$ cat model.txt   # compact mmCIF, C-alpha atoms and all ligand atoms
# COMPACT_ATOMS: atom_id res chain seq x y z
CA MET E 2 52.41 83.04 -55.94
CA ASP E 3 49.53 83.69 -53.56
CA LEU E 4 50.04 81.94 -50.23
CA ALA E 5 47.16 83.70 -48.46
CA LEU E 6 44.18 81.63 -47.40
CA THR E 7 40.71 82.57 -48.59
CA GLU E 8 38.02 83.61 -46.14
CA GLU E 9 36.33 80.23 -46.56
CA GLN E 10 39.56 78.30 -45.92
CA ARG E 11 40.22 80.36 -42.79
CA ALA E 12 36.66 79.71 -41.58
CA VAL E 13 37.03 75.93 -42.01
CA GLN E 14 40.40 76.05 -40.24
CA LYS E 15 38.89 78.02 -37.35
CA THR E 16 35.91 75.68 -37.00
CA ALA E 17 38.21 72.64 -36.91
CA ARG E 18 40.64 74.28 -34.49
CA GLU E 19 37.91 75.34 -32.08
CA TYR E 20 36.29 71.92 -32.18
CA ALA E 21 39.65 70.17 -31.67
CA GLU E 22 40.54 72.35 -28.70
CA ARG E 23 37.09 72.15 -27.09
CA ARG E 24 36.11 68.53 -27.76
CA LEU E 25 39.13 66.49 -28.85
CA MET E 26 42.16 67.60 -26.85
CA PRO E 27 40.61 67.30 -23.37
CA ALA E 28 39.58 63.66 -23.90
CA ALA E 29 42.40 62.48 -26.20
CA HIS E 30 44.42 60.94 -23.36
CA ALA E 31 41.39 59.01 -22.02
CA ARG E 32 40.41 57.87 -25.52
CA ASP E 33 43.95 56.56 -26.03
CA LYS E 34 44.07 54.82 -22.65
CA GLU E 35 40.65 53.21 -22.95
CA SER E 36 40.73 52.66 -26.74
CA THR E 37 37.40 54.44 -27.12
CA PHE E 38 36.06 54.84 -30.65
CA PRO E 39 34.92 58.46 -31.21
CA GLU E 40 31.41 57.75 -32.49
CA ALA E 41 29.73 60.80 -30.90
CA GLU E 42 32.57 63.01 -32.09
CA LEU E 43 32.22 61.78 -35.67
CA ARG E 44 28.53 62.67 -35.65
CA GLU E 45 29.37 66.13 -34.30
CA LEU E 46 32.02 66.57 -36.99
CA GLY E 47 29.35 65.62 -39.54
CA ASP E 48 27.10 68.37 -38.16
CA LEU E 49 29.98 70.85 -38.50
CA GLY E 50 30.60 69.89 -42.14
CA LEU E 51 34.06 68.50 -41.31
CA LEU E 52 33.47 64.94 -42.57
CA GLY E 53 33.17 66.11 -46.16
CA VAL E 54 35.13 69.35 -46.42
CA ALA E 55 36.14 68.67 -50.04
CA VAL E 56 32.87 66.96 -51.03
CA PRO E 57 30.47 68.92 -53.28
CA GLU E 58 27.72 70.87 -51.53
CA GLU E 59 24.93 69.27 -53.57
CA LEU E 60 25.84 65.93 -51.94
CA GLY E 61 25.86 67.39 -48.43
CA GLY E 62 29.58 68.25 -48.26
CA ALA E 63 31.08 71.62 -47.43
CA GLY E 64 32.40 72.11 -50.99
CA ALA E 65 35.31 74.06 -49.52
CA GLY E 66 38.05 72.33 -51.53
CA VAL E 67 41.20 70.35 -50.89
CA VAL E 68 43.26 73.12 -49.25
CA ALA E 69 40.49 73.64 -46.68
CA TYR E 70 40.37 69.88 -46.18
CA SER E 71 44.11 69.76 -45.47
CA LEU E 72 43.82 72.63 -43.00
CA ALA E 73 40.93 70.90 -41.21
CA MET E 74 42.85 67.62 -41.05
CA GLN E 75 45.88 69.38 -39.55
CA GLU E 76 43.72 70.91 -36.81
CA LEU E 77 41.86 67.69 -36.01
CA ALA E 78 45.10 65.68 -35.86
CA ARG E 79 46.57 68.29 -33.53
CA GLY E 80 43.57 67.58 -31.31
CA ASP E 81 43.49 63.77 -31.62
CA ALA E 82 45.11 61.77 -34.40
CA SER E 83 42.74 58.82 -33.84
CA VAL E 84 39.75 60.98 -34.72
CA ALA E 85 41.59 62.54 -37.66
CA VAL E 86 42.27 59.18 -39.32
CA ALA E 87 38.59 58.18 -39.21
CA VAL E 88 37.74 61.58 -40.72
CA SER E 89 40.36 61.25 -43.46
CA VAL E 90 39.12 57.81 -44.56
CA THR E 91 35.51 58.99 -44.53
CA ASN E 92 36.37 62.02 -46.65
CA MET E 93 38.37 59.82 -49.04
CA VAL E 94 35.50 57.35 -49.48
CA ALA E 95 32.90 60.13 -49.87
CA GLU E 96 35.08 61.93 -52.42
CA LEU E 97 35.66 58.73 -54.38
CA ILE E 98 31.94 57.94 -54.57
CA SER E 99 31.02 61.51 -55.45
CA ARG E 100 33.61 61.51 -58.24
CA MET E 101 33.29 58.00 -59.64
CA GLY E 102 29.83 56.85 -58.56
CA ASP E 103 26.70 56.96 -60.68
CA GLU E 104 23.79 59.17 -59.66
CA GLY E 105 22.16 56.45 -57.52
CA GLN E 106 25.39 55.65 -55.67
CA ARG E 107 26.17 59.30 -55.08
CA THR E 108 22.79 60.23 -53.66
CA ARG E 109 22.44 57.04 -51.64
CA HIS E 110 25.82 56.99 -49.92
CA VAL E 111 27.56 60.36 -49.92
CA PRO E 112 25.05 62.40 -47.85
CA ARG E 113 24.97 59.59 -45.22
CA LEU E 114 28.75 59.59 -45.03
CA VAL E 115 29.36 63.31 -44.74
CA SER E 116 26.53 63.90 -42.27
CA GLY E 117 27.87 61.24 -39.89
CA GLN E 118 24.64 59.26 -40.25
CA ALA E 119 26.69 56.29 -41.53
CA VAL E 120 29.15 57.01 -38.65
CA CYS E 121 32.11 56.84 -41.04
CA GLY E 122 33.46 55.22 -44.19
CA ALA E 123 36.04 52.47 -44.71
CA PHE E 124 38.51 51.75 -47.50
CA ALA E 125 39.06 48.00 -47.78
CA LEU E 126 41.99 47.41 -50.11
CA SER E 127 44.76 45.72 -48.08
CA GLU E 128 44.82 42.00 -47.39
CA PRO E 129 46.98 39.77 -45.20
CA GLN E 130 49.25 38.97 -48.19
CA ALA E 131 48.74 42.16 -50.23
CA GLY E 132 49.83 45.47 -48.72
CA SER E 133 52.28 47.54 -50.77
CA ASP E 134 51.35 45.41 -53.77
CA PRO E 135 47.54 45.52 -53.86
CA ALA E 136 47.51 43.97 -57.35
CA GLY E 137 48.22 40.73 -55.50
CA LEU E 138 44.88 40.75 -53.68
CA THR E 139 42.95 37.48 -53.60
CA THR E 140 39.46 38.47 -52.49
CA ARG E 141 37.17 37.13 -55.21
CA ALA E 142 33.95 38.54 -56.64
CA GLU E 143 31.98 35.97 -58.60
CA ARG E 144 28.96 36.62 -60.77
CA THR E 145 25.56 35.58 -59.42
CA ALA E 146 22.15 35.87 -61.07
CA GLY E 147 21.49 39.31 -59.57
CA GLY E 148 25.01 40.65 -59.06
CA TRP E 149 28.15 39.48 -57.27
CA ARG E 150 29.31 37.30 -54.36
CA LEU E 151 32.41 38.50 -52.49
CA THR E 152 34.70 36.07 -50.67
CA GLY E 153 38.02 36.80 -48.99
CA THR E 154 39.78 38.56 -46.13
CA LYS E 155 40.69 42.22 -45.78
CA GLN E 156 43.35 43.35 -43.33
CA TRP E 157 44.08 46.60 -41.45
CA ILE E 158 40.78 48.26 -42.30
CA THR E 159 40.47 51.57 -40.44
CA SER E 160 36.98 51.80 -38.88
CA GLY E 161 36.12 48.49 -40.61
CA ASP E 162 33.96 47.40 -37.68
CA ARG E 163 32.14 50.75 -37.47
CA ALA E 164 31.69 52.03 -40.99
CA GLY E 165 28.23 52.30 -42.51
CA VAL E 166 29.65 52.38 -46.03
CA MET E 167 32.84 50.81 -47.35
CA VAL E 168 34.60 50.36 -50.63
CA VAL E 169 35.88 46.79 -51.04
CA TRP E 170 38.30 45.79 -53.78
CA ALA E 171 38.02 42.29 -55.24
CA MET E 172 39.32 40.28 -58.17
CA THR E 173 36.68 39.81 -60.85
CA GLU E 174 39.06 38.39 -63.45
CA PRO E 175 41.53 36.12 -61.65
CA GLY E 176 44.88 35.89 -63.38
CA SER E 177 44.62 39.37 -64.90
CA GLY E 178 46.59 41.11 -62.13
CA HIS E 179 45.64 44.73 -61.51
CA LYS E 180 43.49 44.75 -64.67
CA GLY E 181 41.08 42.25 -63.10
CA ILE E 182 40.24 44.26 -59.97
CA THR E 183 36.83 45.84 -59.34
CA ALA E 184 35.66 48.13 -56.53
CA PHE E 185 32.35 47.39 -54.77
CA LEU E 186 30.25 49.42 -52.37
CA VAL E 187 29.32 47.34 -49.33
CA GLU E 188 27.19 48.50 -46.42
CA GLY E 189 28.28 47.90 -42.84
CA GLY E 190 26.38 44.95 -41.34
CA ALA E 191 25.87 43.27 -44.73
CA LYS E 192 25.07 39.56 -44.47
CA GLY E 193 28.30 37.54 -44.60
CA LEU E 194 30.51 40.48 -43.58
CA ILE E 195 32.28 39.30 -40.44
CA VAL E 196 34.48 41.50 -38.29
CA GLY E 197 37.51 39.41 -37.39
CA ARG E 198 40.41 40.44 -35.23
CA LEU E 199 40.69 44.04 -34.01
CA GLU E 200 44.37 44.98 -33.99
CA ASP E 201 46.09 45.85 -30.72
CA LYS E 202 48.23 48.71 -32.03
CA MET E 203 51.20 50.75 -30.83
CA GLY E 204 49.22 53.99 -31.25
CA LEU E 205 45.99 55.45 -32.62
CA HIS E 206 44.13 53.61 -29.87
CA GLY E 207 40.94 55.57 -30.49
CA SER E 208 40.87 54.31 -34.07
CA SER E 209 39.76 50.76 -34.71
CA THR E 210 41.70 48.65 -37.21
CA ALA E 211 39.80 45.55 -38.25
CA GLN E 212 40.25 42.38 -40.17
CA LEU E 213 37.14 41.81 -42.28
CA VAL E 214 36.09 38.40 -43.51
CA LEU E 215 33.81 38.44 -46.54
CA ASP E 216 32.03 35.13 -46.34
CA GLY E 217 29.95 35.20 -49.50
CA VAL E 218 28.70 38.80 -49.21
CA GLU E 219 26.04 39.30 -51.90
CA VAL E 220 25.79 42.67 -53.64
CA GLY E 221 23.86 43.84 -56.67
CA ASP E 222 25.24 45.17 -59.93
CA ASP E 223 24.52 48.63 -58.58
CA ALA E 224 27.33 48.09 -56.04
CA VAL E 225 30.06 48.18 -58.72
CA LEU E 226 31.91 51.49 -58.38
CA GLY E 227 33.61 52.89 -61.45
CA GLY E 228 32.96 49.92 -63.76
CA VAL E 229 33.98 46.26 -63.79
CA SER E 230 37.80 45.92 -63.91
CA GLY E 231 38.23 49.63 -63.19
CA GLY E 232 39.06 49.12 -59.54
CA PHE E 233 42.84 49.42 -59.54
CA ARG E 234 42.82 52.83 -61.21
CA LEU E 235 40.20 53.95 -58.70
CA ALA E 236 42.33 52.80 -55.75
CA MET E 237 45.44 54.58 -57.08
CA MET E 238 43.45 57.76 -57.68
CA ALA E 239 42.00 57.69 -54.16
CA LEU E 240 45.43 57.01 -52.62
CA ASP E 241 47.02 59.94 -54.49
CA GLY E 242 44.51 62.25 -52.80
CA GLY E 243 44.56 60.31 -49.54
CA ARG E 244 48.27 61.04 -49.18
CA ILE E 245 47.48 64.74 -48.79
CA GLY E 246 45.26 63.72 -45.86
CA ILE E 247 47.99 61.61 -44.22
CA ALA E 248 50.62 64.34 -44.71
CA SER E 249 48.17 66.77 -43.07
CA GLN E 250 47.61 64.33 -40.23
CA ALA E 251 51.37 64.04 -39.62
CA ILE E 252 51.71 67.84 -39.68
CA GLY E 253 48.92 68.22 -37.10
CA ILE E 254 50.46 65.68 -34.72
CA ALA E 255 53.92 67.27 -35.11
CA ARG E 256 52.55 70.78 -34.62
CA GLY E 257 50.89 69.78 -31.34
CA ALA E 258 54.12 68.13 -30.14
CA LEU E 259 56.28 71.11 -31.13
CA GLU E 260 53.96 73.59 -29.42
CA ALA E 261 54.11 71.52 -26.23
CA ALA E 262 57.92 71.33 -26.46
CA VAL E 263 58.31 75.10 -26.92
CA ARG E 264 55.97 75.72 -23.96
CA TYR E 265 57.87 73.27 -21.80
CA ALA E 266 61.27 74.60 -22.83
CA GLY E 267 60.18 78.10 -21.83
CA GLU E 268 59.09 76.92 -18.37
CA ARG E 269 61.59 74.26 -17.41
CA VAL E 270 64.62 75.73 -15.66
CA GLN E 271 68.00 73.98 -15.51
CA PHE E 272 71.35 75.62 -14.75
CA GLY E 273 69.40 78.73 -13.68
CA VAL E 274 67.72 79.49 -17.03
CA PRO E 275 64.77 78.14 -19.04
CA ILE E 276 66.15 75.25 -21.11
CA LEU E 277 65.08 77.04 -24.32
CA LYS E 278 67.99 79.40 -23.66
CA HIS E 279 70.45 76.52 -23.95
CA GLN E 280 71.51 76.70 -27.55
CA ALA E 281 71.40 72.91 -28.06
CA VAL E 282 67.70 72.88 -27.13
CA GLY E 283 66.94 75.99 -29.19
CA ASN E 284 68.68 74.44 -32.20
CA MET E 285 66.59 71.28 -32.00
CA LEU E 286 63.39 73.33 -31.84
CA ALA E 287 64.57 75.56 -34.70
CA ASP E 288 65.17 72.53 -36.93
CA ALA E 289 61.76 71.13 -35.98
CA ALA E 290 59.99 74.41 -36.78
CA THR E 291 61.77 74.66 -40.14
CA TRP E 292 60.82 71.13 -41.17
CA LEU E 293 57.25 71.70 -40.07
CA ASP E 294 56.95 74.84 -42.16
CA ALA E 295 58.42 73.12 -45.23
CA ALA E 296 56.11 70.12 -44.77
CA THR E 297 53.09 72.40 -44.46
CA LEU E 298 53.96 74.33 -47.62
CA MET E 299 54.56 71.15 -49.61
CA THR E 300 51.28 69.66 -48.47
CA LEU E 301 49.25 72.78 -49.17
CA ARG E 302 50.85 72.98 -52.61
CA ALA E 303 49.79 69.41 -53.37
CA ALA E 304 46.29 70.29 -52.13
CA ALA E 305 46.16 73.42 -54.29
CA LEU E 306 47.26 71.47 -57.38
CA LYS E 307 44.58 68.84 -56.77
CA GLU E 308 41.97 71.51 -56.15
CA SER E 309 42.77 73.27 -59.43
CA GLY E 310 42.53 70.01 -61.39
CA GLN E 311 46.25 69.81 -62.17
CA SER E 312 48.42 66.71 -61.97
CA PHE E 313 49.43 66.27 -58.32
CA GLY E 314 50.32 62.59 -57.69
CA ASP E 315 54.10 63.01 -57.49
CA VAL E 316 53.83 66.23 -55.46
CA ALA E 317 51.44 64.51 -53.01
CA ALA E 318 53.89 61.59 -52.68
CA MET E 319 56.74 64.03 -51.95
CA ALA E 320 54.58 65.87 -49.40
CA LYS E 321 53.62 62.61 -47.68
CA LEU E 322 57.20 61.34 -47.66
CA PHE E 323 58.67 64.56 -46.29
CA ALA E 324 55.87 65.44 -43.86
CA THR E 325 55.61 61.99 -42.28
CA GLU E 326 59.38 61.41 -41.99
CA LYS E 327 59.97 64.86 -40.50
CA ALA E 328 56.92 64.64 -38.25
CA GLY E 329 58.47 61.51 -36.69
CA LEU E 330 61.69 63.43 -36.02
CA ILE E 331 59.80 66.46 -34.68
CA CYS E 332 57.87 64.31 -32.19
CA ASP E 333 61.12 62.68 -31.12
CA ILE E 334 62.73 66.09 -30.57
CA ALA E 335 59.67 67.18 -28.57
CA LEU E 336 60.11 64.13 -26.33
CA GLN E 337 63.84 64.81 -25.92
CA VAL E 338 63.11 68.40 -24.87
CA HIS E 339 60.72 67.10 -22.18
CA GLY E 340 63.51 64.93 -20.72
CA GLY E 341 62.30 62.09 -18.50
CA TYR E 342 58.82 63.61 -18.21
CA GLY E 343 58.36 63.16 -21.94
CA TYR E 344 58.73 59.43 -21.50
CA THR E 345 55.73 59.26 -19.16
CA THR E 346 52.02 59.32 -19.92
CA ASP E 347 51.66 62.53 -17.83
CA PHE E 348 52.55 64.47 -20.99
CA PRO E 349 50.98 63.99 -24.43
CA ILE E 350 54.35 63.59 -26.19
CA GLU E 351 54.71 59.83 -25.88
CA ARG E 352 51.25 59.47 -27.47
CA ALA E 353 52.30 61.77 -30.33
CA CYS E 354 55.40 59.58 -30.89
CA ARG E 355 53.23 56.45 -31.04
CA ASP E 356 50.47 58.00 -33.16
CA VAL E 357 52.76 59.60 -35.72
CA ARG E 358 54.71 56.42 -36.48
CA VAL E 359 52.05 54.84 -38.67
CA THR E 360 51.85 57.84 -41.01
CA ARG E 361 55.06 56.48 -42.61
CA ILE E 362 53.31 53.17 -43.24
CA TYR E 363 49.68 53.57 -44.29
CA GLU E 364 48.42 54.83 -47.65
CA GLY E 365 51.78 53.76 -49.04
CA THR E 366 54.98 53.36 -47.01
CA SER E 367 57.84 55.84 -47.37
CA GLU E 368 59.57 53.32 -49.64
CA ILE E 369 56.53 53.20 -51.93
CA GLN E 370 56.37 57.03 -52.03
CA ARG E 371 59.99 57.04 -53.21
CA ILE E 372 59.07 54.60 -55.97
CA VAL E 373 56.20 56.88 -57.07
CA ILE E 374 58.50 59.91 -57.06
CA ALA E 375 61.32 58.15 -58.92
CA ARG E 376 58.89 56.90 -61.58
CA SER E 377 57.62 60.41 -62.13
CA LEU E 378 61.21 61.70 -62.44
CA LEU E 379 61.86 59.14 -65.15
CA ALA E 380 58.61 59.97 -66.94
CA ARG E 381 59.42 63.68 -66.84
CA ALA E 382 62.97 63.12 -68.12
CA ALA E 383 61.63 61.02 -71.00
CA ARG E 384 59.00 63.66 -71.81
CA ASP E 385 61.32 66.68 -71.60
CA GLY E 386 64.34 64.92 -73.11
CA ARG E 387 66.59 66.16 -70.28
C1 LIG R 1 46.92 51.36 -38.40
C2 LIG R 1 46.78 50.98 -39.82
C3 LIG R 1 45.65 51.35 -40.53
C4 LIG R 1 45.49 50.97 -41.86
N1 LIG R 1 44.34 51.29 -42.53
C5 LIG R 1 44.11 50.77 -43.76
C6 LIG R 1 42.84 50.94 -44.40
O1 LIG R 1 41.94 51.61 -43.88
N2 LIG R 1 42.64 50.35 -45.60
C7 LIG R 1 43.60 49.62 -46.22
O2 LIG R 1 43.34 49.11 -47.31
N3 LIG R 1 44.82 49.45 -45.64
C8 LIG R 1 45.09 49.99 -44.43
N4 LIG R 1 46.31 49.81 -43.82
C9 LIG R 1 47.32 49.00 -44.49
C10 LIG R 1 48.52 49.78 -44.98
O3 LIG R 1 48.17 50.56 -46.09
C11 LIG R 1 49.63 48.76 -45.25
O4 LIG R 1 50.09 48.31 -43.99
C12 LIG R 1 50.77 49.34 -46.07
O5 LIG R 1 50.35 49.60 -47.39
C13 LIG R 1 51.97 48.40 -46.11
O6 LIG R 1 51.59 47.10 -46.43
P1 LIG R 1 52.07 45.87 -45.51
O7 LIG R 1 51.78 46.21 -44.11
O8 LIG R 1 51.49 44.63 -46.06
O9 LIG R 1 53.64 45.86 -45.66
P2 LIG R 1 54.48 45.19 -46.89
O10 LIG R 1 53.90 45.60 -48.17
O11 LIG R 1 54.65 43.76 -46.60
O12 LIG R 1 55.87 45.93 -46.70
C14 LIG R 1 56.81 45.57 -45.70
C15 LIG R 1 58.06 46.42 -45.90
O13 LIG R 1 58.61 46.18 -47.21
C16 LIG R 1 58.72 47.39 -47.92
N5 LIG R 1 58.46 47.18 -49.34
C17 LIG R 1 57.44 46.49 -49.90
N6 LIG R 1 57.53 46.52 -51.26
C18 LIG R 1 58.62 47.27 -51.55
C19 LIG R 1 59.25 47.69 -52.76
N7 LIG R 1 58.75 47.39 -53.96
N8 LIG R 1 60.38 48.44 -52.67
C20 LIG R 1 60.87 48.80 -51.46
N9 LIG R 1 60.33 48.44 -50.28
C21 LIG R 1 59.21 47.70 -50.32
C22 LIG R 1 57.67 48.32 -47.30
O14 LIG R 1 57.96 49.68 -47.54
C23 LIG R 1 57.77 47.92 -45.85
O15 LIG R 1 58.83 48.58 -45.25
C24 LIG R 1 46.52 50.23 -42.50
C25 LIG R 1 47.68 49.88 -41.79
C26 LIG R 1 47.81 50.24 -40.47
C27 LIG R 1 49.06 49.82 -39.73

$ encode --input "model.txt" --output "C-alpha cells"
Amino acid sequence: MDLALTEEQRAVQKTAREYAERRLMPAAHARDKESTFPEAELRELGDLGLLGVAVPEELGGAGAGVVAYSLAMQELARGDASVAVAVSVTNMVAELISRMGDEGQRTRHVPRLVSGQAVCGAFALSEPQAGSDPAGLTTRAERTAGGWRLTGTKQWITSGDRAGVMVVWAMTEPGSGHKGITAFLVEGGAKGLIVGRLEDKMGLHGSSTAQLVLDGVEVGDDAVLGGVSGGFRLAMMALDGGRIGIASQAIGIARGALEAAVRYAGERVQFGVPILKHQAVGNMLADAATWLDAATLMTLRAAALKESGQSFGDVAAMAKLFATEKAGLICDIALQVHGGYGYTTDFPIERACRDVRVTRIYEGTSEIQRIVIARSLLARAARDGR
C-alpha cells in the first residue's frame, strides 16, 4: 500500500499551508471576533486554484484529485475553519455541477465558482423542519410556462447570503417523498430570493449561515440539475463526498490545536519542569496525536477510494464520524493543557473548541453517520453471506 503523496499532492498541500500561515492565521482571531466574511480571501483562494482542487482542469479547476483536496482542506482549516467551510461548500457545489450538469450548466457556473468570481457556492438542502431527514423537505417547485417557480424556506445555508451560485432542492412531486425531489441551480440575487435571519452561532463566526426564503423564485428548465425527480440521489452523492471535506476540516482544526498544546506544554513550567514532562500531560498529548494520525489515514483512504472511482460512502462516513468525534476530544485536551489560559481568548484554543463542535453536526450528524455505516454492514453481510 503506497502512502506516499505525489508531487502534485505535495504542491497543493504546500500552497494551502503557505497561504493559511501567511493570510489566514494572522487574522483568524479578528475575523472570529468581528464576524467578518472572508470575501477577499475567497477570491485569492480562487486565484491559487484552491476553490476547485478536485474540479476538472477544463472547467477551471486544479484537477488535482480528492486526496489533494483533503490535504488542502486540512491546511486551510488549520489556518481558519470559517474560511475552510466556505471553500468546502464551494468545491462540493462545483464538483456536483461538473459531474451532473449538462454542458451549458458546467461552462456557465463551474468556472465562476472555482475562480472566486461568484465569491462562493451554497448548498441549500436543509429546512427548518427537515434536517437529518431531507426527504421531508417542503419547498415546492411548480411548473410555469417557461420553467419552474420555487417557494419555501431553507435553513442553515452556509454562505447563503454571499453565494453567486447555489443548488436548491425542492419538491416537484408532492407526496412522493424522496422520489419527488429535484435540484435546481439558482443564482445569488435572483428575484424573490430573500435572505432571512443570519444565525448567531457558537463558532465559525467568519462563516455566514443564512435562512433563505424563496418567495416565488422563477427559474428556467435549464436550471434543473441532474433531471426532474433526480434530486435526492444527487444530494446523497454530494454529501458522501462532502463528508471527506468535513473530516478534513476537523483534522485541520485539531492539528492546529494539538500543535499549540505541544508548544505550550514545552514552555510552561510547573513544579520546576515543563509540563510536557509530567506524564499525565504527555499521555493526553500522546492519545491526541494517535487519534489525529488515525483520523488522517482514514480520511485520506476515503479520498483515495473516491479518487479512484471505487465505492467510498461507508468509508467516508466512518472517517467523518471518527475524525470529528476525536477532533472534539483533541481540542478539549489542548484546552486542558493550556490550563486557565486556554479558557481565555488570548489563545486560539477556545476558538478551536467552538469551531470544531459543528463538524459533528453538519453534512450528517454523528448519529446519521452511524446509521450509514450500520446499513452498509448489513448490506455487506447479506452480499457475502457472513
Ligand atoms: C453552522 C451550520 C452550517 C450548516 N450548513 C448547511 C448548508 O450549507 N446546507 C444545508 O443544507 N444544511 C446545512 N446545515 C444543516 C445541517 O446539515 C443540519 O443541522 C444537520 O443535518 C442536522 O439537522 P437538524 O439540525 O435539523 O437536526 P435534527 O435532524 O432535528 O436532529 C436533532 C438530533 O436528533 C438526532 N437524530 C435525528 N434523526 C435521527 C435518527 N434517525 N437516529 C438517531 N438520531 C437521530 C440527530 O443526530 C441530532 O442529534 C448547517 C448546520 C449548521 C449548524

$ residues_near_ligand --input "model.txt" --ligand "ligand LIG 1 (chain R)" --cutoff "7 Å" --atoms "all atoms listed in the file" --output "MDAnalysis selection string"
chainID E and resid 90 123:127 129:134 156:159 210 359 362:369

$ closest_atom_pairs --input "model.txt" --of "stretch 91-161 of chain E" --to "stretch 67-78 of chain E" --cutoff "12 Å" --atoms "only C-alpha atoms" --output "tab-separated table"
residue	atom	partner	partner_atom	distance
E:Thr91	CA	E:Met74	CA	11.9
E:Asn92	CA	E:Tyr70	CA	8.8
E:Met93	CA	E:Tyr70	CA	10.6
E:Glu96	CA	E:Val67	CA	10.5

$ closest_residue --input "model.txt" --among "E:Ser312, E:Thr183, E:Ser377, E:Ser116" --to "E:Ala224" --atoms "all atoms listed in the file"
E:Thr183

$ residues_near_point --input "model.txt" --point "(24.4, 63.9, -34.9)" --cutoff "12 Å" --atoms "all atoms listed in the file" --output "JSON list (two decimals) with C-alpha atoms, in the frame of the given file"
[["chain", "number", "residue", "atom", "x", "y", "z"],
["E", 40, "GLU", "CA", 31.41, 57.75, -32.49],
["E", 41, "ALA", "CA", 29.73, 60.80, -30.90],
["E", 42, "GLU", "CA", 32.57, 63.01, -32.09],
["E", 43, "LEU", "CA", 32.22, 61.78, -35.67],
["E", 44, "ARG", "CA", 28.53, 62.67, -35.65],
["E", 45, "GLU", "CA", 29.37, 66.13, -34.30],
["E", 46, "LEU", "CA", 32.02, 66.57, -36.99],
["E", 47, "GLY", "CA", 29.35, 65.62, -39.54],
["E", 48, "ASP", "CA", 27.10, 68.37, -38.16],
["E", 49, "LEU", "CA", 29.98, 70.85, -38.50],
["E", 50, "GLY", "CA", 30.60, 69.89, -42.14],
["E", 52, "LEU", "CA", 33.47, 64.94, -42.57],
["E", 113, "ARG", "CA", 24.97, 59.59, -45.22],
["E", 114, "LEU", "CA", 28.75, 59.59, -45.03],
["E", 115, "VAL", "CA", 29.36, 63.31, -44.74],
["E", 116, "SER", "CA", 26.53, 63.90, -42.27],
["E", 117, "GLY", "CA", 27.87, 61.24, -39.89],
["E", 118, "GLN", "CA", 24.64, 59.26, -40.25],
["E", 119, "ALA", "CA", 26.69, 56.29, -41.53],
["E", 120, "VAL", "CA", 29.15, 57.01, -38.65]]

$ atom_distance --input "model.txt" --atom1 "atom CA of E:Val54" --atom2 "atom CA of E:Leu322"
23.5 Å

$ closest_residue --input "model.txt" --among "E:Thr173, E:Gln10, E:Gln337, E:Gln370" --to "E:Leu151" --atoms "only C-alpha atoms"
E:Thr173

$ closest_residue --input "model.txt" --among "E:Ile252, E:Ala382, E:Ile182, E:Ile98" --to "E:Met167" --atoms "all atoms listed in the file"
E:Ile98

$ atom_distance --input "model.txt" --atom1 "atom CA of E:Arg302" --atom2 "atom CA of E:Ile254"
19.3 Å

$ closest_residue --input "model.txt" --among "E:Gly221, E:Gly197, E:Gly207, E:Gly329" --to "E:Ala248" --atoms "only C-alpha atoms"
E:Gly329

$ atom_distance --input "model.txt" --atom1 "atom CA of E:Asp241" --atom2 "atom CA of E:Asp288"
28.2 Å

$ closest_residue --input "model.txt" --among "E:Glu8, E:Glu200, E:Asp385, E:Glu326" --to "E:Ala296" --atoms "all atoms listed in the file"
E:Glu326

$ closest_residue --input "model.txt" --among "E:Gly102, E:Gly189, E:Gly228, E:Gly257" --to "E:Arg18" --atoms "all atoms listed in the file"
E:Gly257

$ residues_near_point --input "model.txt" --point "(35.9, 67.3, -31.1)" --cutoff "9 Å" --atoms "all atoms listed in the file" --output "list in words"
Ala17, Glu19, Tyr20, Ala21, Glu22, Arg23, Arg24, Leu25, Met26, Ala28, Pro39, Ala41, Glu42, Leu43, Glu45, Leu46, Leu77, Gly80, Asp81 and Val84 of chain E

$ write_last_selection --input "model.txt" --atoms "C-alpha atoms" --output "compact mmCIF listing (two decimals), keeping the file's coordinate frame"
# COMPACT_ATOMS: atom_id res chain seq x y z
CA ALA E 17 38.21 72.64 -36.91
CA GLU E 19 37.91 75.34 -32.08
CA TYR E 20 36.29 71.92 -32.18
CA ALA E 21 39.65 70.17 -31.67
CA GLU E 22 40.54 72.35 -28.70
CA ARG E 23 37.09 72.15 -27.09
CA ARG E 24 36.11 68.53 -27.76
CA LEU E 25 39.13 66.49 -28.85
CA MET E 26 42.16 67.60 -26.85
CA ALA E 28 39.58 63.66 -23.90
CA PRO E 39 34.92 58.46 -31.21
CA ALA E 41 29.73 60.80 -30.90
CA GLU E 42 32.57 63.01 -32.09
CA LEU E 43 32.22 61.78 -35.67
CA GLU E 45 29.37 66.13 -34.30
CA LEU E 46 32.02 66.57 -36.99
CA LEU E 77 41.86 67.69 -36.01
CA GLY E 80 43.57 67.58 -31.31
CA ASP E 81 43.49 63.77 -31.62
CA VAL E 84 39.75 60.98 -34.72
